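Visitor: For reference, the structure I am asking about is given below.
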Protein chains: 2
Amino acid sequence: MRADAQRNADKLRTAATALCRERGLQVSLKEIARHAGVSHGTLYNLFGTREALIDEVIGDIAAKRLGDAARRAQACDDAWEGFAGYVTEVCELQATDPALGDVLTRRCPQAVRLMAVCDNTAAAAASIIDRARSAGTLRPDFTTEDLIFFLASNAALARAAESTGAPGWRRSVAFLLDGLRTAAAHPLPTAPLKPAQLHHMLVGEPAAS
Amino acid sequence: MRADAQRNADKLRTAATALCRERGLQVSLKEIARHAGVSHGTLYNLFGTREALIDEVIGDIAAKRLGDAARRAQACDDAWEGFAGYVTEVCELQATDPALGDVLTRRCPQAVRLMAVCDNTAAAAASIIDRARSAGTLRPDFTTEDLIFFLASNAALARAAESTGAPGWRRSVAFLLDGLRTAAAHPLPTAPLKPAQLHHMLVGEPAAS
DNA sequence: CCTTATCTTGACCCCGTGGTCAAGATGCCT
DNA sequence: AGGCATCTTGACCACGGGGTCAAGATAAGG
């Protein structure tokens with residue numbers, strides 16, 4: 001790879017990172033190129049598809065931040081505290097970094113690394129949930145799919161809320177948590193979602209546009 | 001108004017109603033015209049702006065359906081049942097009629113009648129919430145803004161969920177309700193949203209595109 | 001039936017998106 | 001320095017959105 005190509009690739013990566021993290025994963029490629037001070041043709045030359053760029057640029061950040069949150073939760077002595085802290089922390093990530101919200105809602109299904117991050121997050125969430133359920137503090141009928149559903153539904157609003165300086169999502173999370181303690185549980189109206197149903201829901205309809 | 005103009009207006013209204021209710025309020029005007037078998041120029045002639053069309057077409061439906069739900073809640077003997085039923089019913093409306101979801105999230109701020117429906121709904125919700133709080137079954141720190149925040153966050157997902165035949169939102173609502181009983185309440189992390197903050201949040205960032 | 005006011009049409013404008021590619025520029029190696 | 005391979009550019013394609021308007025169609029009334 002020639003030096004100038006390398007330089008341009010870096011400029012594009014930088015621009016893409018910044019734009020994705022402040023506006024989400026569906027920023028226009030031409031805008032990224034413009035922002036990087038480079039022709040959009042160059043972007044196509046160097047990365048080919050949006051997925052390749054995004055995947056490269058957001059993959060590590062997403063894996064790190066979501067992984068850290070999961071590890072913190074698992075390291076927590078109290079299972080419930082770990083679970084509650086995890087939910088709060090992930091919501092906070094969504095609120096402050098739109099790109100992460102889009103990762104969790106599978107907005108970019110072609111990006112293999114991001115999808116892997118998504119799967120890992122689901123697995124981590126499952127273990128955090130399991131632990132809290134086993135401890136008897138989290139209601140037993142709460143599933144990983146329920147958590148992801150909640151995260152997905154909060155993604156858009158959390159972002160908007162943060163920009164107004166009014167973190168309404170914090171109250172939302174608190175209400176949810178209060179409803180998730182074993183003591184608060186009442187029978188649920190429907191069966192849990194199957195993973196495939198959740199998946200289809202998220203990739204099928206990319207959250208209103 | 002000439003007879004053919006009247007006929008075209010009706011065709012456009014019919015098409016607009018159908019498309020809005022199955023795809024939300026931001027359907028393209030050209031698509032509505034196409035669907036009505038009429039030139040898009042005619043649409044502009046007869047209605048001028050998207051807001052005028054939408055307002056006329058969705059206003060009554062929205063007012064009726066949301067009003068009915070509120071009345072049913074208020075007619076309910078038990079305050080908590082009324083409240084819980086109301087939340088469920090509104091979510092169901094959002095899931096089955098994307099247009100209503102968009103109305104409640106103020107996706108079309110120029111449409112005065114729709115905004116009035118929105119305000120009326122908020123007022124009705126406030127009274128339903130008040131009643132349940134006074135009865136002691138709904139936790140006292142839950143506000144109208146919290147409800148609207150929840151409805152907004154569920155809007156996109158409820159729609160997607162319905163189309164997969166997996167009503168995940170029903171479980172979401174159930175978890176929320178379990179967290180809203182007075183007995184389940186734990187202290188909240190932040191102060192309630194002010195109405196203006198909520199408003200700014202909804203109109204400022206139209207939910208992730 | 002013929003006139004006229006009303007209405008419809010579709011070509012046209014602007015803007016944006018994703019994507020391609022020949023021509024020209026530039027880095028690099030000899 | 002020169003020549004080749006690599007890379008960049010920006011014009012171009014097709015598509016879609018919102019919106020406008022002159023010219024032609026048509027309903028309504030005399």
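By order in the structure tokens, chains are A, B, ...; within a chain, residues start at 1; ligands start at 1, following the order shown.
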List the spatial neighbours of segment 121-128 of chain A as a list in words - criterion: any atom at most 9 Å away, only C-alpha atoms (C1' of nucleotides), same-chain residues fewer than 3 positions off excluded.
Guide: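 Counting only the stated atoms, we get Ala63, Leu66, Gly67, Ala70, Arg71, Ala73, Gln74, Ala79, Trp80, Gly82, Phe83, Tyr86, Val87, Leu104, Ala116, Val117, Cys118, Arg131, Ala132, Arg133, Thr143, Thr144, Glu145, Leu147 and Ile148 of chain A.
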Visitor: Taking only C-alpha atoms (C1' of nucleotides) into account, produce a table as a Markdown table in which each residue of chain C with an atom at most 9 Å from an atom of chain B appears once, together with its shortest atom pair and the distance in Å to one decimal, ordered by chain and rising number.
Guide:
```
| residue | atom | partner | partner_atom | distance |
| --- | --- | --- | --- | --- |
| C:DT6 | C1' | B:Arg2 | CA | 7.1 |
| C:DC7 | C1' | B:Ala5 | CA | 6.8 |
| C:DT8 | C1' | B:Thr42 | CA | 6.3 |
| C:DT9 | C1' | B:Ser39 | CA | 6.5 |
| C:DG10 | C1' | B:Ser39 | CA | 7.8 |
```
Visitor: Can I get the selection written as a PDB file, in the first residue's frame, with N, CA and C atoms (P, O5', C5', C4', C3', O3' and C1' of nucleotides)?
Guide:
```pdb
ATOM      1  P    DT C   6     -62.464  29.870 -11.215  1.00  0.00           P
ATOM      2  O5'  DT C   6     -62.102  28.322 -11.105  1.00  0.00           O
ATOM      3  C5'  DT C   6     -63.158  27.370 -11.209  1.00  0.00           C
ATOM      4  C4'  DT C   6     -62.586  26.025 -11.556  1.00  0.00           C
ATOM      5  C3'  DT C   6     -61.474  25.554 -10.624  1.00  0.00           C
ATOM      6  O3'  DT C   6     -61.952  24.408  -9.976  1.00  0.00           O
ATOM      7  C1'  DT C   6     -60.985  25.074 -12.895  1.00  0.00           C
ATOM      8  P    DC C   7     -61.171  23.740  -8.816  1.00  0.00           P
ATOM      9  O5'  DC C   7     -60.287  22.663  -9.608  1.00  0.00           O
ATOM     10  C5'  DC C   7     -60.962  21.668 -10.356  1.00  0.00           C
ATOM     11  C4'  DC C   7     -59.981  20.955 -11.228  1.00  0.00           C
ATOM     12  C3'  DC C   7     -58.792  20.327 -10.507  1.00  0.00           C
ATOM     13  O3'  DC C   7     -58.929  18.923 -10.606  1.00  0.00           O
ATOM     14  C1'  DC C   7     -58.163  21.314 -12.565  1.00  0.00           C
ATOM     15  P    DT C   8     -57.812  17.942  -9.983  1.00  0.00           P
ATOM     16  O5'  DT C   8     -56.943  17.592 -11.261  1.00  0.00           O
ATOM     17  C5'  DT C   8     -57.573  16.955 -12.360  1.00  0.00           C
ATOM     18  C4'  DT C   8     -56.533  16.576 -13.397  1.00  0.00           C
ATOM     19  C3'  DT C   8     -55.358  15.764 -12.846  1.00  0.00           C
ATOM     20  O3'  DT C   8     -55.205  14.612 -13.659  1.00  0.00           O
ATOM     21  C1'  DT C   8     -54.577  17.688 -14.029  1.00  0.00           C
ATOM     22  P    DT C   9     -54.215  13.435 -13.238  1.00  0.00           P
ATOM     23  O5'  DT C   9     -52.994  13.674 -14.206  1.00  0.00           O
ATOM     24  C5'  DT C   9     -53.267  14.029 -15.567  1.00  0.00           C
ATOM     25  C4'  DT C   9     -52.052  14.622 -16.218  1.00  0.00           C
ATOM     26  C3'  DT C   9     -50.729  13.933 -15.874  1.00  0.00           C
ATOM     27  O3'  DT C   9     -50.276  13.263 -17.045  1.00  0.00           O
ATOM     28  C1'  DT C   9     -50.536  16.321 -15.873  1.00  0.00           C
ATOM     29  P    DG C  10     -49.394  11.916 -16.887  1.00  0.00           P
ATOM     30  O5'  DG C  10     -47.957  12.493 -17.222  1.00  0.00           O
ATOM     31  C5'  DG C  10     -47.806  13.304 -18.379  1.00  0.00           C
ATOM     32  C4'  DG C  10     -46.578  14.175 -18.232  1.00  0.00           C
ATOM     33  C3'  DG C  10     -45.328  13.450 -17.703  1.00  0.00           C
ATOM     34  O3'  DG C  10     -44.195  14.012 -18.345  1.00  0.00           O
ATOM     35  C1'  DG C  10     -45.774  15.251 -16.324  1.00  0.00           C
TER      36       DG C  10
END
```
Visitor: Considering only C-alpha atoms (C1' of nucleotides), return as a ChimeraX atom specification whatever protein or nucleic-acid residues lie within 6 Å of segment 32-37 of chain A, sequence-local ones (same chain, fewer than 4 positions apart) excluded.
Guide: /A:11-12,15-16
Visitor: What is the atom CA of Ile61 of chain A-atom CA of Met201 of chain B distance in Å, reported with one decimal?
Guide: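 Computing the Euclidean distance for atom CA of Ile61 of chain A and atom CA of Met201 of chain B yields 27.0 Å.
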Visitor: Go ahead and compute the interatomic distance for atom CA of Ala183 of chain B and atom CA of Ala184 of chain A, in Å to one decimal.
Guide: 7.5 Å
Visitor: Quick one: residues within 8 Å of segment 16-21 of chain D, only C-alpha atoms (C1' of nucleotides), excluding same-chain residues fewer than 6 positions away - as JSON, numbers by chain?
Guide: {"B": [28], "C": [13, 16, 17]}
Visitor: Write the selection just made, keeping all heavy atoms, as a PDB file, in the first residue's frame?
Guide:
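Final output, saved to again22.pdb:
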```
ATOM      1  N   SER B  28     -43.865   8.908   1.530  1.00  0.00           N
ATOM      2  CA  SER B  28     -43.599   9.968   0.572  1.00  0.00           C
ATOM      3  C   SER B  28     -44.881  10.387  -0.136  1.00  0.00           C
ATOM      4  O   SER B  28     -45.760   9.569  -0.412  1.00  0.00           O
ATOM      5  CB  SER B  28     -42.562   9.508  -0.438  1.00  0.00           C
ATOM      6  OG  SER B  28     -43.163   9.192  -1.667  1.00  0.00           O
TER       7      SER B  28
ATOM      8  P    DC C  13     -34.408  21.318 -15.918  1.00  0.00           P
ATOM      9  OP1  DC C  13     -33.677  22.364 -16.671  1.00  0.00           O
ATOM     10  OP2  DC C  13     -33.958  19.911 -15.948  1.00  0.00           O
ATOM     11  O5'  DC C  13     -34.507  21.751 -14.387  1.00  0.00           O
ATOM     12  C5'  DC C  13     -34.944  23.069 -14.046  1.00  0.00           C
ATOM     13  C4'  DC C  13     -35.070  23.184 -12.542  1.00  0.00           C
ATOM     14  O4'  DC C  13     -36.169  22.354 -12.095  1.00  0.00           O
ATOM     15  C3'  DC C  13     -33.868  22.645 -11.779  1.00  0.00           C
ATOM     16  O3'  DC C  13     -32.990  23.728 -11.482  1.00  0.00           O
ATOM     17  C2'  DC C  13     -34.460  22.145 -10.461  1.00  0.00           C
ATOM     18  C1'  DC C  13     -35.923  21.933 -10.771  1.00  0.00           C
ATOM     19  N1   DC C  13     -36.325  20.497 -10.647  1.00  0.00           N
ATOM     20  C2   DC C  13     -36.928  20.063  -9.476  1.00  0.00           C
ATOM     21  O2   DC C  13     -37.107  20.889  -8.555  1.00  0.00           O
ATOM     22  N3   DC C  13     -37.285  18.764  -9.351  1.00  0.00           N
ATOM     23  C4   DC C  13     -37.060  17.921 -10.362  1.00  0.00           C
ATOM     24  N4   DC C  13     -37.435  16.643 -10.203  1.00  0.00           N
ATOM     25  C5   DC C  13     -36.443  18.335 -11.562  1.00  0.00           C
ATOM     26  C6   DC C  13     -36.085  19.626 -11.674  1.00  0.00           C
ATOM     27  P    DG C  16     -27.285  18.659  -0.874  1.00  0.00           P
ATOM     28  OP1  DG C  16     -26.871  19.170   0.442  1.00  0.00           O
ATOM     29  OP2  DG C  16     -26.426  18.801  -2.065  1.00  0.00           O
ATOM     30  O5'  DG C  16     -27.648  17.107  -0.745  1.00  0.00           O
ATOM     31  C5'  DG C  16     -28.191  16.614   0.470  1.00  0.00           C
ATOM     32  C4'  DG C  16     -28.713  15.212   0.252  1.00  0.00           C
ATOM     33  O4'  DG C  16     -29.522  15.181  -0.932  1.00  0.00           O
ATOM     34  C3'  DG C  16     -27.647  14.160  -0.040  1.00  0.00           C
ATOM     35  O3'  DG C  16     -27.113  13.662   1.174  1.00  0.00           O
ATOM     36  C2'  DG C  16     -28.436  13.086  -0.743  1.00  0.00           C
ATOM     37  C1'  DG C  16     -29.555  13.852  -1.414  1.00  0.00           C
ATOM     38  N9   DG C  16     -29.389  13.869  -2.859  1.00  0.00           N
ATOM     39  C8   DG C  16     -28.880  14.868  -3.639  1.00  0.00           C
ATOM     40  N7   DG C  16     -28.881  14.573  -4.911  1.00  0.00           N
ATOM     41  C5   DG C  16     -29.418  13.300  -4.966  1.00  0.00           C
ATOM     42  C6   DG C  16     -29.665  12.455  -6.075  1.00  0.00           C
ATOM     43  O6   DG C  16     -29.453  12.675  -7.270  1.00  0.00           O
ATOM     44  N1   DG C  16     -30.217  11.245  -5.672  1.00  0.00           N
ATOM     45  C2   DG C  16     -30.498  10.896  -4.372  1.00  0.00           C
ATOM     46  N2   DG C  16     -31.028   9.689  -4.169  1.00  0.00           N
ATOM     47  N3   DG C  16     -30.280  11.677  -3.341  1.00  0.00           N
ATOM     48  C4   DG C  16     -29.734  12.863  -3.708  1.00  0.00           C
ATOM     49  P    DT C  17     -25.733  12.799   1.053  1.00  0.00           P
ATOM     50  OP1  DT C  17     -25.183  12.777   2.415  1.00  0.00           O
ATOM     51  OP2  DT C  17     -24.965  13.318  -0.084  1.00  0.00           O
ATOM     52  O5'  DT C  17     -26.187  11.315   0.640  1.00  0.00           O
ATOM     53  C5'  DT C  17     -27.103  10.590   1.439  1.00  0.00           C
ATOM     54  C4'  DT C  17     -27.582   9.380   0.674  1.00  0.00           C
ATOM     55  O4'  DT C  17     -28.259   9.809  -0.524  1.00  0.00           O
ATOM     56  C3'  DT C  17     -26.494   8.460   0.168  1.00  0.00           C
ATOM     57  O3'  DT C  17     -26.134   7.556   1.188  1.00  0.00           O
ATOM     58  C2'  DT C  17     -27.192   7.741  -0.973  1.00  0.00           C
ATOM     59  C1'  DT C  17     -28.167   8.809  -1.510  1.00  0.00           C
ATOM     60  N1   DT C  17     -27.726   9.427  -2.777  1.00  0.00           N
ATOM     61  C2   DT C  17     -27.873   8.747  -3.948  1.00  0.00           C
ATOM     62  O2   DT C  17     -28.349   7.627  -4.013  1.00  0.00           O
ATOM     63  N3   DT C  17     -27.451   9.411  -5.059  1.00  0.00           N
ATOM     64  C4   DT C  17     -26.906  10.678  -5.107  1.00  0.00           C
ATOM     65  O4   DT C  17     -26.559  11.173  -6.174  1.00  0.00           O
ATOM     66  C5   DT C  17     -26.768  11.341  -3.837  1.00  0.00           C
ATOM     67  C7   DT C  17     -26.195  12.714  -3.761  1.00  0.00           C
ATOM     68  C6   DT C  17     -27.192  10.697  -2.741  1.00  0.00           C
TER      69       DT C  17
END
```
Visitor: Write down, as a PyMOL selection string, each residue of chain A that has any atom within 8 Å of an atom of chain B, counting only C-alpha atoms.
Guide: chain A and resi 146+149-150+152-157+160-161+163-164+166-168+170-172+174-180+183-186+188-190+192-193+197+200-202+204-205+207-209
Visitor: Near DT30 of chain C, within 12 Å and counting only C-alpha atoms (C1' of nucleotides), which residues show up once chain neighbours fewer than 2 positions away are dropped, as an MDAnalysis selection string?
Guide: (chainID C and resid 28) or (chainID D and resid 1:4)
Visitor: Which residues are near Gln110 of chain A? Cut-off 9 Å, only C-alpha atoms (C1' of nucleotides), ignore same chain within fewer than 4 positions. Put them as number ranges by chain.
Guide: A: 51-52, 55, 114-115
Visitor: Compile the residues of chain D that lie within 10 Å of chain A, evaluated using only C-alpha atoms (C1' of nucleotides), and express the compilation as an MDAnalysis selection string.
Guide: chainID D and resid 6:10
Visitor: For the selection just defined, write its residues with all heavy atoms to a file, as an mmCIF file, in the first residue's frame.
Guide:
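Contents of selection_4.cif, as written:
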```
data_model
loop_
_atom_site.group_PDB
_atom_site.id
_atom_site.type_symbol
_atom_site.label_atom_id
_atom_site.label_comp_id
_atom_site.auth_asym_id
_atom_site.auth_seq_id
_atom_site.Cartn_x
_atom_site.Cartn_y
_atom_site.Cartn_z
ATOM 1 P P DT D 6 0.713 -2.411 -8.661
ATOM 2 O OP1 DT D 6 1.146 -3.524 -7.799
ATOM 3 O OP2 DT D 6 -0.226 -2.630 -9.787
ATOM 4 O "O5'" DT D 6 0.138 -1.254 -7.740
ATOM 5 C "C5'" DT D 6 1.035 -0.502 -6.950
ATOM 6 C "C4'" DT D 6 0.443 0.851 -6.646
ATOM 7 O "O4'" DT D 6 0.413 1.671 -7.841
ATOM 8 C "C3'" DT D 6 -0.998 0.823 -6.133
ATOM 9 O "O3'" DT D 6 -0.970 1.287 -4.808
ATOM 10 C "C2'" DT D 6 -1.754 1.759 -7.067
ATOM 11 C "C1'" DT D 6 -0.640 2.590 -7.682
ATOM 12 N N1 DT D 6 -0.918 3.164 -9.033
ATOM 13 C C2 DT D 6 -0.956 4.532 -9.202
ATOM 14 O O2 DT D 6 -0.784 5.331 -8.298
ATOM 15 N N3 DT D 6 -1.202 4.946 -10.489
ATOM 16 C C4 DT D 6 -1.410 4.132 -11.599
ATOM 17 O O4 DT D 6 -1.619 4.609 -12.699
ATOM 18 C C5 DT D 6 -1.361 2.712 -11.340
ATOM 19 C C7 DT D 6 -1.572 1.745 -12.462
ATOM 20 C C6 DT D 6 -1.129 2.291 -10.084
ATOM 21 P P DC D 7 -2.221 1.175 -3.900
ATOM 22 O OP1 DC D 7 -1.750 1.140 -2.503
ATOM 23 O OP2 DC D 7 -3.127 0.140 -4.432
ATOM 24 O "O5'" DC D 7 -2.886 2.599 -4.155
ATOM 25 C "C5'" DC D 7 -2.154 3.761 -3.818
ATOM 26 C "C4'" DC D 7 -2.831 4.973 -4.413
ATOM 27 O "O4'" DC D 7 -2.833 4.881 -5.846
ATOM 28 C "C3'" DC D 7 -4.289 5.199 -4.010
ATOM 29 O "O3'" DC D 7 -4.343 6.380 -3.231
ATOM 30 C "C2'" DC D 7 -5.039 5.332 -5.329
ATOM 31 C "C1'" DC D 7 -3.901 5.682 -6.297
ATOM 32 N N1 DC D 7 -4.165 5.342 -7.722
ATOM 33 C C2 DC D 7 -4.246 6.368 -8.663
ATOM 34 O O2 DC D 7 -4.108 7.540 -8.293
ATOM 35 N N3 DC D 7 -4.477 6.059 -9.961
ATOM 36 C C4 DC D 7 -4.611 4.792 -10.334
ATOM 37 N N4 DC D 7 -4.818 4.539 -11.630
ATOM 38 C C5 DC D 7 -4.528 3.723 -9.396
ATOM 39 C C6 DC D 7 -4.305 4.032 -8.109
ATOM 40 P P DT D 8 -5.720 6.908 -2.629
ATOM 41 O OP1 DT D 8 -5.441 7.545 -1.332
ATOM 42 O OP2 DT D 8 -6.735 5.840 -2.735
ATOM 43 O "O5'" DT D 8 -6.080 8.061 -3.652
ATOM 44 C "C5'" DT D 8 -5.160 9.132 -3.820
ATOM 45 C "C4'" DT D 8 -5.764 10.195 -4.728
ATOM 46 O "O4'" DT D 8 -5.879 9.650 -6.060
ATOM 47 C "C3'" DT D 8 -7.165 10.655 -4.320
ATOM 48 O "O3'" DT D 8 -7.167 12.071 -4.304
ATOM 49 C "C2'" DT D 8 -8.079 10.052 -5.376
ATOM 50 C "C1'" DT D 8 -7.163 9.898 -6.586
ATOM 51 N N1 DT D 8 -7.466 8.745 -7.492
ATOM 52 C C2 DT D 8 -7.609 8.983 -8.841
ATOM 53 O O2 DT D 8 -7.526 10.083 -9.349
ATOM 54 N N3 DT D 8 -7.855 7.855 -9.596
ATOM 55 C C4 DT D 8 -7.961 6.547 -9.151
ATOM 56 O O4 DT D 8 -8.173 5.625 -9.912
ATOM 57 C C5 DT D 8 -7.802 6.392 -7.719
ATOM 58 C C7 DT D 8 -7.909 5.022 -7.118
ATOM 59 C C6 DT D 8 -7.568 7.479 -6.971
ATOM 60 P P DT D 9 -8.398 12.862 -3.686
ATOM 61 O OP1 DT D 9 -7.869 14.016 -2.935
ATOM 62 O OP2 DT D 9 -9.285 11.902 -3.022
ATOM 63 O "O5'" DT D 9 -9.109 13.425 -4.975
ATOM 64 C "C5'" DT D 9 -8.289 13.878 -6.058
ATOM 65 C "C4'" DT D 9 -9.072 13.923 -7.344
ATOM 66 O "O4'" DT D 9 -9.175 12.598 -7.894
ATOM 67 C "C3'" DT D 9 -10.511 14.431 -7.202
ATOM 68 O "O3'" DT D 9 -10.594 15.705 -7.825
ATOM 69 C "C2'" DT D 9 -11.376 13.362 -7.895
ATOM 70 C "C1'" DT D 9 -10.361 12.536 -8.664
ATOM 71 N N1 DT D 9 -10.659 11.072 -8.807
ATOM 72 C C2 DT D 9 -10.761 10.521 -10.052
ATOM 73 O O2 DT D 9 -10.630 11.163 -11.083
ATOM 74 N N3 DT D 9 -11.026 9.169 -10.067
ATOM 75 C C4 DT D 9 -11.192 8.340 -8.962
ATOM 76 O O4 DT D 9 -11.410 7.143 -9.094
ATOM 77 C C5 DT D 9 -11.062 8.988 -7.686
ATOM 78 C C7 DT D 9 -11.211 8.191 -6.429
ATOM 79 C C6 DT D 9 -10.814 10.312 -7.662
ATOM 80 P P DG D 10 -11.616 16.793 -7.242
ATOM 81 O OP1 DG D 10 -10.963 18.123 -7.299
ATOM 82 O OP2 DG D 10 -12.206 16.311 -5.985
ATOM 83 O "O5'" DG D 10 -12.731 16.761 -8.369
ATOM 84 C "C5'" DG D 10 -12.319 16.769 -9.727
ATOM 85 C "C4'" DG D 10 -13.383 16.111 -10.588
ATOM 86 O "O4'" DG D 10 -13.373 14.671 -10.399
ATOM 87 C "C3'" DG D 10 -14.814 16.553 -10.266
ATOM 88 O "O3'" DG D 10 -15.529 16.626 -11.486
ATOM 89 C "C2'" DG D 10 -15.344 15.409 -9.416
ATOM 90 C "C1'" DG D 10 -14.691 14.243 -10.136
ATOM 91 N N9 DG D 10 -14.641 13.011 -9.366
ATOM 92 C C8 DG D 10 -14.692 12.882 -8.003
ATOM 93 N N7 DG D 10 -14.624 11.639 -7.601
ATOM 94 C C5 DG D 10 -14.532 10.905 -8.769
ATOM 95 C C6 DG D 10 -14.438 9.512 -8.974
ATOM 96 O O6 DG D 10 -14.411 8.622 -8.130
ATOM 97 N N1 DG D 10 -14.360 9.195 -10.329
ATOM 98 C C2 DG D 10 -14.372 10.109 -11.349
ATOM 99 N N2 DG D 10 -14.288 9.628 -12.590
ATOM 100 N N3 DG D 10 -14.456 11.414 -11.178
ATOM 101 C C4 DG D 10 -14.537 11.740 -9.870
#
```
Visitor: Give me every alpha helix (DSSP H) residue in segment 32-203 of chain A, going by DSSP on the backbone, as a compact mmCIF listing (two decimals) with C-alpha atoms, in the first residue's frame.
Guide:
```txt
# COMPACT_ATOMS: atom_id res chain seq x y z
CA ILE A 32 -17.59 10.67 5.65
CA ALA A 33 -15.40 11.29 2.63
CA ARG A 34 -16.23 14.97 2.62
CA HIS A 35 -15.46 15.16 6.30
CA ALA A 36 -12.14 13.43 5.71
CA HIS A 40 -15.78 9.58 -2.13
CA GLY A 41 -14.27 7.53 -4.91
CA THR A 42 -11.26 7.03 -2.71
CA LEU A 43 -13.44 5.69 0.06
CA TYR A 44 -14.83 3.06 -2.28
CA ASN A 45 -11.33 2.21 -3.46
CA LEU A 46 -9.95 1.71 -0.01
CA PHE A 47 -12.85 0.07 1.75
CA ARG A 50 -19.80 0.69 4.11
CA GLU A 51 -19.76 -2.46 6.20
CA ALA A 52 -16.02 -2.92 5.77
CA LEU A 53 -15.32 0.60 6.95
CA ILE A 54 -17.76 0.60 9.82
CA ASP A 55 -16.78 -2.86 10.91
CA GLU A 56 -13.16 -1.90 11.10
CA VAL A 57 -13.74 1.39 12.78
CA ILE A 58 -16.40 0.54 15.34
CA GLY A 59 -15.62 -3.12 16.01
CA ASP A 60 -12.90 -2.63 18.57
CA ILE A 61 -14.54 0.24 20.36
CA ALA A 62 -17.79 -1.63 20.65
CA ALA A 63 -16.16 -4.85 21.77
CA LYS A 64 -14.14 -3.05 24.39
CA ARG A 65 -16.84 -0.90 25.88
CA LEU A 66 -19.50 -3.58 25.95
CA GLY A 67 -17.01 -6.16 27.14
CA ASP A 68 -15.85 -3.91 29.96
CA ALA A 69 -19.39 -3.36 31.09
CA ALA A 70 -20.02 -7.11 31.15
CA ARG A 71 -16.82 -7.83 33.05
CA ARG A 72 -17.63 -5.18 35.61
CA ALA A 73 -21.02 -6.72 36.12
CA GLN A 74 -19.61 -10.20 36.52
CA ALA A 75 -16.98 -8.97 38.93
CA ALA A 79 -25.60 -10.61 41.54
CA TRP A 80 -28.45 -8.13 41.51
CA GLU A 81 -26.15 -5.14 41.75
CA GLY A 82 -24.15 -6.56 38.90
CA PHE A 83 -27.23 -7.02 36.78
CA ALA A 84 -28.72 -3.64 37.57
CA GLY A 85 -25.40 -1.93 37.01
CA TYR A 86 -24.99 -3.69 33.69
CA VAL A 87 -28.35 -2.61 32.37
CA THR A 88 -27.71 0.95 33.45
CA GLU A 89 -24.25 1.01 32.00
CA VAL A 90 -25.28 -0.36 28.64
CA CYS A 91 -28.07 2.18 28.43
CA GLU A 92 -25.57 4.86 29.24
CA LEU A 93 -23.34 3.66 26.43
CA GLN A 94 -26.29 3.84 24.07
CA ALA A 95 -27.11 7.33 25.22
CA THR A 96 -23.62 8.69 24.82
CA PRO A 98 -25.18 6.28 19.08
CA ALA A 99 -22.91 3.86 17.26
CA LEU A 100 -23.15 1.40 20.13
CA GLY A 101 -26.91 1.68 20.16
CA ASP A 102 -26.93 0.78 16.49
CA VAL A 103 -24.61 -2.14 17.07
CA LEU A 104 -26.92 -3.62 19.68
CA VAL A 112 -19.61 -9.41 10.68
CA ARG A 113 -17.46 -8.16 13.51
CA LEU A 114 -20.21 -5.97 14.82
CA MET A 115 -22.61 -8.88 14.70
CA ALA A 116 -20.10 -10.93 16.62
CA VAL A 117 -19.90 -8.20 19.24
CA CYS A 118 -23.66 -8.32 19.36
CA ASP A 119 -23.66 -12.06 19.90
CA ASN A 120 -20.99 -11.83 22.57
CA THR A 121 -22.97 -9.17 24.33
CA ALA A 122 -26.03 -11.36 24.29
CA ALA A 123 -24.03 -14.22 25.72
CA ALA A 124 -22.59 -12.04 28.45
CA ALA A 125 -26.02 -10.68 29.23
CA ALA A 126 -27.32 -14.21 29.48
CA SER A 127 -24.76 -15.13 32.08
CA ILE A 128 -25.35 -11.96 34.07
CA ILE A 129 -29.05 -12.63 33.98
CA ASP A 130 -28.57 -16.24 34.95
CA ARG A 131 -26.52 -15.35 37.94
CA ALA A 132 -29.07 -12.86 39.21
CA ARG A 133 -31.89 -15.30 38.61
CA SER A 134 -30.07 -18.03 40.48
CA THR A 144 -32.02 -12.36 27.60
CA GLU A 145 -34.38 -11.55 24.77
CA ASP A 146 -36.40 -9.38 27.11
CA LEU A 147 -33.28 -7.43 27.98
CA ILE A 148 -32.29 -6.93 24.38
CA PHE A 149 -35.80 -5.88 23.52
CA PHE A 150 -35.63 -3.27 26.22
CA LEU A 151 -32.24 -2.05 25.09
CA ALA A 152 -33.43 -1.79 21.52
CA SER A 153 -36.52 0.13 22.46
CA ASN A 154 -34.50 2.54 24.52
CA ALA A 155 -31.76 3.06 21.97
CA ALA A 156 -33.35 5.86 19.98
CA LEU A 157 -34.82 7.70 22.92
CA ALA A 158 -31.74 7.46 25.10
CA ARG A 159 -29.75 9.22 22.42
CA ALA A 160 -32.29 11.97 22.00
CA ALA A 161 -32.68 12.31 25.74
CA GLU A 162 -28.99 12.79 26.30
CA SER A 163 -28.83 15.65 23.84
CA GLY A 168 -35.25 10.35 30.99
CA TRP A 169 -33.92 6.90 30.27
CA ARG A 170 -32.50 6.67 33.77
CA ARG A 171 -35.98 6.73 35.18
CA SER A 172 -37.09 4.21 32.59
CA VAL A 173 -34.35 1.85 33.64
CA ALA A 174 -35.24 2.31 37.27
CA PHE A 175 -38.89 1.46 36.63
CA LEU A 176 -37.83 -1.61 34.72
CA LEU A 177 -35.51 -2.77 37.46
CA ASP A 178 -38.21 -2.33 40.05
CA GLY A 179 -40.39 -4.57 37.95
CA LEU A 180 -37.67 -7.18 37.62
CA PRO A 195 -33.97 -15.70 19.76
CA ALA A 196 -34.91 -16.07 16.11
CA GLN A 197 -37.99 -13.91 16.58
CA LEU A 198 -35.96 -11.19 18.21
CA HIS A 199 -33.40 -11.36 15.47
CA HIS A 200 -35.98 -11.14 12.77
CA MET A 201 -37.59 -8.22 14.52
CA LEU A 202 -34.37 -6.25 14.73
CA VAL A 203 -33.00 -6.85 11.29
```
